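Enquirer: The structure file start_5.cif (mmCIF, C-alpha atoms) is provided below.
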```cif
data_model
loop_
_atom_site.group_PDB
_atom_site.id
_atom_site.type_symbol
_atom_site.label_atom_id
_atom_site.label_comp_id
_atom_site.auth_asym_id
_atom_site.auth_seq_id
_atom_site.Cartn_x
_atom_site.Cartn_y
_atom_site.Cartn_z
ATOM 1 C CA MET A 1 26.148 2.249 35.458
ATOM 2 C CA ALA A 2 23.041 0.234 36.239
ATOM 3 C CA GLY A 3 20.556 -0.747 33.515
ATOM 4 C CA PRO A 4 16.821 -0.192 33.681
ATOM 5 C CA LYS A 5 14.955 -1.542 36.699
ATOM 6 C CA ALA A 6 13.182 -4.857 36.355
ATOM 7 C CA GLY A 7 9.687 -4.418 34.965
ATOM 8 C CA THR A 8 10.420 -1.098 33.249
ATOM 9 C CA VAL A 9 10.938 -0.392 29.584
ATOM 10 C CA ALA A 10 14.126 1.319 28.491
ATOM 11 C CA SER A 11 13.401 4.470 26.509
ATOM 12 C CA SER A 12 14.601 4.540 22.940
ATOM 13 C CA THR A 13 15.443 7.495 20.802
ATOM 14 C CA VAL A 14 13.779 7.823 17.424
ATOM 15 C CA ARG A 15 16.220 9.103 14.847
ATOM 16 C CA PRO A 16 14.544 10.374 11.695
ATOM 17 C CA ASP A 17 16.366 9.524 8.487
ATOM 18 C CA SER A 18 14.497 12.282 6.632
ATOM 19 C CA PRO A 19 13.138 15.049 8.884
ATOM 20 C CA THR A 20 11.391 16.680 5.900
ATOM 21 C CA PHE A 21 9.614 13.494 4.740
ATOM 22 C CA TRP A 22 6.303 14.847 5.983
ATOM 23 C CA LYS A 23 6.727 17.898 3.739
ATOM 24 C CA GLU A 24 7.376 15.610 0.775
ATOM 25 C CA VAL A 25 4.100 13.756 1.466
ATOM 26 C CA LEU A 26 2.305 17.052 2.165
ATOM 27 C CA GLY A 27 3.250 18.270 -1.314
ATOM 28 C CA LEU A 28 1.656 15.316 -3.103
ATOM 29 C CA PRO A 29 -1.998 14.942 -4.115
ATOM 30 C CA GLY A 30 -3.685 13.262 -1.149
ATOM 31 C CA GLY A 31 -1.121 14.387 1.397
ATOM 32 C CA GLU A 32 -2.340 17.980 1.753
ATOM 33 C CA ALA A 33 -4.041 17.499 5.141
ATOM 34 C CA LEU A 34 -1.259 15.469 6.788
ATOM 35 C CA ALA A 35 -0.298 18.282 9.183
ATOM 36 C CA THR A 36 -3.852 18.535 10.569
ATOM 37 C CA CYS A 37 -3.871 14.952 11.904
ATOM 38 C CA ILE A 38 -4.330 14.991 15.699
ATOM 39 C CA GLN A 39 -3.555 11.263 16.161
ATOM 40 C CA CYS A 40 -7.015 10.576 17.641
ATOM 41 C CA ASN A 41 -7.013 6.945 16.366
ATOM 42 C CA THR A 42 -10.467 7.202 14.762
ATOM 43 C CA CYS A 43 -8.996 6.029 11.446
ATOM 44 C CA THR A 44 -7.473 2.882 12.892
ATOM 45 C CA SER A 45 -10.499 2.011 15.020
ATOM 46 C CA SER A 46 -12.753 2.214 11.940
ATOM 47 C CA CYS A 47 -10.394 0.301 9.613
ATOM 48 C CA PRO A 48 -11.623 -3.181 8.622
ATOM 49 C CA VAL A 49 -8.166 -4.117 7.300
ATOM 50 C CA GLU A 50 -6.548 -3.481 10.683
ATOM 51 C CA ALA A 51 -8.790 -6.171 12.212
ATOM 52 C CA LEU A 52 -7.392 -8.732 9.754
ATOM 53 C CA GLU A 53 -3.863 -7.345 9.375
ATOM 54 C CA PRO A 54 -2.746 -5.936 12.760
ATOM 55 C CA GLU A 55 0.540 -4.747 11.255
ATOM 56 C CA PHE A 56 -1.447 -2.154 9.287
ATOM 57 C CA ASN A 57 -2.158 0.782 11.587
ATOM 58 C CA ILE A 58 -2.957 3.990 9.757
ATOM 59 C CA ARG A 59 -2.475 6.202 12.837
ATOM 60 C CA ARG A 60 1.026 4.822 13.397
ATOM 61 C CA LEU A 61 1.816 5.181 9.693
ATOM 62 C CA ILE A 62 0.908 8.879 9.794
ATOM 63 C CA ALA A 63 2.922 9.328 13.015
ATOM 64 C CA ARG A 64 5.992 7.725 11.384
ATOM 65 C CA ILE A 65 5.612 10.041 8.379
ATOM 66 C CA LYS A 66 5.503 13.077 10.679
ATOM 67 C CA LEU A 67 8.546 11.786 12.574
ATOM 68 C CA GLY A 68 10.555 11.618 9.339
ATOM 69 C CA LEU A 69 10.979 7.840 9.298
ATOM 70 C CA ARG A 70 11.070 7.713 5.511
ATOM 71 C CA GLU A 71 12.860 4.396 5.014
ATOM 72 C CA ASP A 72 10.779 2.709 7.717
ATOM 73 C CA VAL A 73 7.527 3.852 6.077
ATOM 74 C CA LEU A 74 8.479 3.154 2.456
ATOM 75 C CA SER A 75 9.840 -0.326 3.184
ATOM 76 C CA ASP A 76 6.852 -1.386 5.325
ATOM 77 C CA GLU A 77 4.844 -4.117 3.569
ATOM 78 C CA ALA A 78 1.790 -3.157 5.644
ATOM 79 C CA LEU A 79 1.583 0.042 3.565
ATOM 80 C CA TRP A 80 0.123 -2.067 0.764
ATOM 81 C CA ALA A 81 -2.605 -3.657 2.918
ATOM 82 C CA CYS A 82 -4.998 -0.685 2.680
ATOM 83 C CA ALA A 83 -8.113 -1.700 0.721
ATOM 84 C CA ARG A 84 -9.187 1.913 0.006
ATOM 85 C CA CYS A 85 -12.615 1.336 1.560
ATOM 86 C CA PHE A 86 -12.687 4.972 2.789
ATOM 87 C CA ALA A 87 -13.927 4.072 6.291
ATOM 88 C CA CYS A 88 -11.085 6.167 7.735
ATOM 89 C CA VAL A 89 -11.900 9.047 5.388
ATOM 90 C CA ALA A 90 -15.581 9.012 6.320
ATOM 91 C CA ARG A 91 -14.918 9.068 10.075
ATOM 92 C CA CYS A 92 -11.910 11.379 10.445
ATOM 93 C CA PRO A 93 -13.001 14.371 12.578
ATOM 94 C CA LYS A 94 -10.299 16.622 11.046
ATOM 95 C CA HIS A 95 -10.916 15.596 7.399
ATOM 96 C CA VAL A 96 -7.346 14.355 7.016
ATOM 97 C CA ARG A 97 -8.300 11.664 4.434
ATOM 98 C CA PRO A 98 -5.860 9.004 5.746
ATOM 99 C CA GLY A 99 -6.490 6.708 2.766
ATOM 100 C CA ASP A 100 -5.292 9.454 0.430
ATOM 101 C CA ILE A 101 -2.109 9.800 2.494
ATOM 102 C CA VAL A 102 -1.511 6.061 2.015
ATOM 103 C CA GLU A 103 -1.907 6.572 -1.743
ATOM 104 C CA ALA A 104 0.580 9.470 -1.704
ATOM 105 C CA VAL A 105 3.163 7.344 0.124
ATOM 106 C CA ARG A 106 2.545 4.443 -2.260
ATOM 107 C CA HIS A 107 3.163 6.862 -5.133
ATOM 108 C CA ILE A 108 6.572 7.727 -3.648
ATOM 109 C CA ALA A 109 7.404 4.021 -3.196
ATOM 110 C CA LEU A 110 6.442 3.209 -6.786
ATOM 111 C CA GLY A 111 8.395 6.208 -8.081
ATOM 112 C CA GLU A 112 11.488 4.858 -6.335
ATOM 113 C CA GLU A 113 10.835 1.409 -7.812
ATOM 114 C CA ARG A 114 10.639 -0.272 -4.416
ATOM 115 C CA GLU A 115 10.424 -4.065 -4.347
ATOM 116 C CA GLY A 116 8.079 -6.373 -2.496
ATOM 117 C CA PRO A 117 4.692 -7.956 -3.158
ATOM 118 C CA GLY A 118 2.781 -4.658 -2.855
ATOM 119 C CA PRO A 119 4.732 -2.608 -5.397
ATOM 120 C CA ARG A 120 5.049 -5.625 -7.702
ATOM 121 C CA HIS A 121 1.278 -6.101 -7.555
ATOM 122 C CA ALA A 122 0.593 -2.460 -8.456
ATOM 123 C CA ARG A 123 2.989 -2.578 -11.418
ATOM 124 C CA ALA A 124 1.690 -5.974 -12.619
ATOM 125 C CA PHE A 125 -1.905 -4.730 -12.348
ATOM 126 C CA VAL A 126 -1.229 -1.718 -14.585
ATOM 127 C CA GLU A 127 0.822 -3.727 -17.088
ATOM 128 C CA SER A 128 -1.905 -6.361 -17.296
ATOM 129 C CA ILE A 129 -4.464 -3.700 -18.173
ATOM 130 C CA ARG A 130 -2.045 -2.036 -20.592
ATOM 131 C CA ASP A 131 -1.410 -5.332 -22.412
ATOM 132 C CA GLY A 132 -4.921 -6.727 -22.634
ATOM 133 C CA GLY A 133 -7.348 -4.058 -21.510
ATOM 134 C CA ARG A 134 -8.360 -6.069 -18.470
ATOM 135 C CA ILE A 135 -6.814 -7.735 -15.457
ATOM 136 C CA HIS A 136 -5.197 -11.074 -16.179
ATOM 137 C CA GLU A 137 -5.461 -12.543 -12.685
ATOM 138 C CA ALA A 138 -3.016 -15.419 -13.163
ATOM 139 C CA ARG A 139 -0.298 -13.084 -14.423
ATOM 140 C CA VAL A 140 -0.876 -10.458 -11.725
ATOM 141 C CA THR A 141 -0.843 -13.104 -8.986
ATOM 142 C CA LEU A 142 2.326 -14.749 -10.262
ATOM 143 C CA GLU A 143 4.150 -11.433 -10.750
ATOM 144 C CA SER A 144 3.031 -10.180 -7.314
ATOM 145 C CA LEU A 145 3.831 -13.250 -5.252
ATOM 146 C CA ARG A 146 6.366 -14.860 -7.570
ATOM 147 C CA LEU A 147 6.668 -18.620 -7.598
ATOM 148 C CA ALA A 148 8.086 -18.843 -4.055
ATOM 149 C CA GLY A 149 5.152 -16.870 -2.641
ATOM 150 C CA LEU A 150 2.682 -18.965 -4.581
ATOM 151 C CA LEU A 151 4.260 -22.153 -3.212
ATOM 152 C CA ARG A 152 3.940 -20.745 0.335
ATOM 153 C CA GLU A 153 0.160 -20.748 -0.228
ATOM 154 C CA GLY A 154 0.336 -24.544 -0.152
ATOM 155 C CA TRP A 155 -2.575 -26.419 -1.678
ATOM 156 C CA LEU A 156 -4.861 -23.388 -1.895
ATOM 157 C CA PRO A 157 -4.185 -22.669 -5.605
ATOM 158 C CA ALA A 158 -4.733 -26.347 -6.503
ATOM 159 C CA ARG A 159 -7.999 -26.496 -4.501
ATOM 160 C CA MET A 160 -9.183 -23.290 -6.211
ATOM 161 C CA ALA A 161 -8.382 -24.731 -9.643
ATOM 162 C CA TRP A 162 -10.166 -27.987 -8.772
ATOM 163 C CA ARG A 163 -13.309 -26.025 -7.863
ATOM 164 C CA GLY A 164 -13.169 -23.926 -11.015
ATOM 165 C CA LYS A 165 -12.058 -20.784 -9.165
ATOM 166 C CA ALA A 166 -8.655 -20.437 -10.826
ATOM 167 C CA PRO A 167 -8.120 -17.555 -13.244
ATOM 168 C CA ARG A 168 -7.811 -18.239 -16.961
ATOM 169 C CA LEU A 169 -4.268 -18.906 -18.091
ATOM 170 C CA ARG A 170 -4.861 -17.633 -21.622
ATOM 171 C CA ARG A 171 -5.145 -13.902 -22.235
ATOM 172 C CA ARG A 172 -8.191 -12.543 -24.011
ATOM 173 C CA PRO A 173 -7.433 -8.911 -24.894
ATOM 174 C CA LEU A 174 -10.215 -6.417 -25.454
ATOM 175 C CA LYS A 175 -10.656 -4.680 -28.814
ATOM 176 C CA SER A 176 -10.266 -1.289 -27.134
ATOM 177 C CA VAL A 177 -6.679 -1.876 -25.923
ATOM 178 C CA PRO A 178 -5.263 1.126 -27.868
ATOM 179 C CA GLU A 179 -7.745 3.485 -26.177
ATOM 180 C CA ILE A 180 -6.960 2.000 -22.772
ATOM 181 C CA ARG A 181 -3.224 2.430 -23.360
ATOM 182 C CA ALA A 182 -3.809 6.058 -24.345
ATOM 183 C CA LEU A 183 -5.705 6.640 -21.079
ATOM 184 C CA LEU A 184 -2.939 5.022 -19.016
ATOM 185 C CA ASP A 185 -0.261 7.037 -20.820
ATOM 186 C CA ALA A 186 -2.182 10.273 -20.189
ATOM 187 C CA ALA A 187 -2.590 9.393 -16.499
ATOM 188 C CA GLU A 188 1.130 8.625 -16.150
ATOM 189 C CA GLU A 189 2.097 11.901 -17.821
ATOM 190 C CA GLY A 190 -0.150 13.838 -15.444
ATOM 191 C CA ALA A 191 1.318 12.132 -12.355
#
```
Would you mind writing the file's structure down as structure tokens?
Expert:
Amino acid sequence: MAGPKAGTVASSTVRPDSPTFWKEVLGLPGGEALATCIQCNTCTSSCPVEALEPEFNIRRLIARIKLGLREDVLSDEALWACARCFACVARCPKHVRPGDIVEAVRHIALGEEREGPGPRHARAFVESIRDGGRIHEARVTLESLRLAGLLREGWLPARMAWRGKAPRLRRRPLKSVPEIRALLDAAEEGA
């Protein structure tokens, strides 16, 4: 049997690992309008993150959710690139709220305790606030990137420190930490 002709692309079959993944996302806060997406690409064309991080494509992310590619979506590091600027939400002609869908999928990933810089950053961010009432940038950065990731940044951290741009190494907790912890606990119980 002959292979594909020169200059043509062989078709591939997409095999969903979870055909009901879209229903799972649809049932979460933020995922309610997933089924109304018409894949018009308005979200991606208005996304400032996509210009800097081409791997992040909100239209393709929504398409993969609808196709049932659960593992592919939840393990994609680009999922964590969304800056929540709401440009996609403001311009969507069908009011799908793509940024909210990203949040719903992130919620699933965090609930499954996925690994990677994105989920680690989200967990470190919350724990930093829980511990001191504010973001401790040095801790969040180190826990997100880990030492190997920080070393991959090369001389950038040293140049930032030299120019006085490095975060404080010592924690300075707020007096209202108990109230902040109570708010975080209430939010986690409601989730």
Enquirer: With all atoms listed in the file as the atoms that count, which of A:Gly27, A:Ala63, A:Asp72, A:Val49 lies nearest to Arg84 (chain A)?
Expert: A:Val49
Enquirer: Kindly extract all protein, DNA and RNA residues lying within 9 Å of the coordinates (6.0, 1.8, 4.9) given in the file, considering all atoms listed in the file, and supply them as a list in words.
Expert: Leu61, Arg64, Ile65, Leu69, Arg70, Glu71, Asp72, Val73, Leu74, Ser75, Asp76, Glu77, Ala78, Leu79, Trp80, Val105, Arg106 and Ala109 of chain A
Enquirer: One decimal, Å: what's the distance from CA of Ala104 (chain A) over to CA of Glu179 (chain A), could you say?
Expert: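 Separation of CA of Ala104 (chain A) and CA of Glu179 (chain A): 26.5 Å.
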Enquirer: So how far away is CA of Leu174 (chain A) from CA of Ile129 (chain A), in Å?
Expert: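 One can read the CA of Ile129 (chain A) to CA of Leu174 (chain A) distance as 9.7 Å.
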Enquirer: Given the file shown, determine the residues that the PyMOL selection byres ((chain A and resi 43) around 7) selects; report them as an NGL selection string.
Expert: :A and (41-42 or 44-47 or 58-59 or 88 or 91-92)
Enquirer: In Å, how far is it from CA of Arg146 (chain A) to CA of Ile108 (chain A)?
Expert: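 That distance, rounded to one decimal, is 22.9 Å.
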Enquirer: Quick one: which residues end up in the PyMOL selection byres ((chain A and resi 139) around 12) for this structure, as a PyMOL selection string?
Expert: chain A and resi 120-121+123-129+131-132+134-138+140-147+150+166-171
Enquirer: Which is closer to Thr20 (chain A) than all the others in A:Gly68, A:Gly118, A:Pro173, A:Pro98, using all atoms listed in the file?
Expert: A:Gly68
Enquirer: How would region 111-127 of chain A look written as a PDB file, in the first residue's frame with N, CA and C atoms?
Expert:
```
ATOM      1  N   GLY A 111      -7.537  20.778  41.263  1.00  0.00           N
ATOM      2  CA  GLY A 111      -8.234  19.759  42.051  1.00  0.00           C
ATOM      3  C   GLY A 111      -7.588  18.390  41.927  1.00  0.00           C
ATOM      4  N   GLU A 112      -6.976  18.131  40.785  1.00  0.00           N
ATOM      5  CA  GLU A 112      -6.280  16.864  40.553  1.00  0.00           C
ATOM      6  C   GLU A 112      -4.816  16.928  40.965  1.00  0.00           C
ATOM      7  N   GLU A 113      -4.421  18.051  41.543  1.00  0.00           N
ATOM      8  CA  GLU A 113      -3.052  18.272  42.004  1.00  0.00           C
ATOM      9  C   GLU A 113      -2.025  18.029  40.901  1.00  0.00           C
ATOM     10  N   ARG A 114      -2.298  18.619  39.743  1.00  0.00           N
ATOM     11  CA  ARG A 114      -1.366  18.541  38.615  1.00  0.00           C
ATOM     12  C   ARG A 114      -0.070  19.252  38.975  1.00  0.00           C
ATOM     13  N   GLU A 115       1.010  18.868  38.321  1.00  0.00           N
ATOM     14  CA  GLU A 115       2.317  19.475  38.561  1.00  0.00           C
ATOM     15  C   GLU A 115       2.691  20.365  37.387  1.00  0.00           C
ATOM     16  N   GLY A 116       3.704  21.158  37.580  1.00  0.00           N
ATOM     17  CA  GLY A 116       4.176  22.079  36.557  1.00  0.00           C
ATOM     18  C   GLY A 116       4.248  23.474  37.142  1.00  0.00           C
ATOM     19  N   PRO A 117       4.924  24.386  36.453  1.00  0.00           N
ATOM     20  CA  PRO A 117       5.069  25.745  36.976  1.00  0.00           C
ATOM     21  C   PRO A 117       3.741  26.460  37.219  1.00  0.00           C
ATOM     22  N   GLY A 118       2.764  26.285  36.351  1.00  0.00           N
ATOM     23  CA  GLY A 118       1.475  26.961  36.504  1.00  0.00           C
ATOM     24  C   GLY A 118       0.729  26.553  37.763  1.00  0.00           C
ATOM     25  N   PRO A 119       0.460  25.258  37.940  1.00  0.00           N
ATOM     26  CA  PRO A 119      -0.222  24.842  39.169  1.00  0.00           C
ATOM     27  C   PRO A 119       0.586  25.128  40.433  1.00  0.00           C
ATOM     28  N   ARG A 120       1.912  24.963  40.347  1.00  0.00           N
ATOM     29  CA  ARG A 120       2.749  25.277  41.515  1.00  0.00           C
ATOM     30  C   ARG A 120       2.654  26.749  41.869  1.00  0.00           C
ATOM     31  N   HIS A 121       2.611  27.614  40.850  1.00  0.00           N
ATOM     32  CA  HIS A 121       2.500  29.049  41.089  1.00  0.00           C
ATOM     33  C   HIS A 121       1.178  29.385  41.784  1.00  0.00           C
ATOM     34  N   ALA A 122       0.090  28.808  41.305  1.00  0.00           N
ATOM     35  CA  ALA A 122      -1.223  29.085  41.908  1.00  0.00           C
ATOM     36  C   ALA A 122      -1.251  28.654  43.373  1.00  0.00           C
ATOM     37  N   ARG A 123      -0.726  27.456  43.654  1.00  0.00           N
ATOM     38  CA  ARG A 123      -0.716  26.977  45.041  1.00  0.00           C
ATOM     39  C   ARG A 123       0.214  27.823  45.916  1.00  0.00           C
ATOM     40  N   ALA A 124       1.390  28.182  45.398  1.00  0.00           N
ATOM     41  CA  ALA A 124       2.342  28.986  46.169  1.00  0.00           C
ATOM     42  C   ALA A 124       1.782  30.381  46.432  1.00  0.00           C
ATOM     43  N   PHE A 125       1.055  30.929  45.476  1.00  0.00           N
ATOM     44  CA  PHE A 125       0.442  32.246  45.618  1.00  0.00           C
ATOM     45  C   PHE A 125      -0.546  32.249  46.786  1.00  0.00           C
ATOM     46  N   VAL A 126      -1.428  31.253  46.810  1.00  0.00           N
ATOM     47  CA  VAL A 126      -2.435  31.169  47.877  1.00  0.00           C
ATOM     48  C   VAL A 126      -1.769  30.919  49.224  1.00  0.00           C
ATOM     49  N   GLU A 127      -0.797  30.019  49.272  1.00  0.00           N
ATOM     50  CA  GLU A 127      -0.127  29.727  50.542  1.00  0.00           C
ATOM     51  C   GLU A 127       0.649  30.935  51.061  1.00  0.00           C
TER      52      GLU A 127
END
```
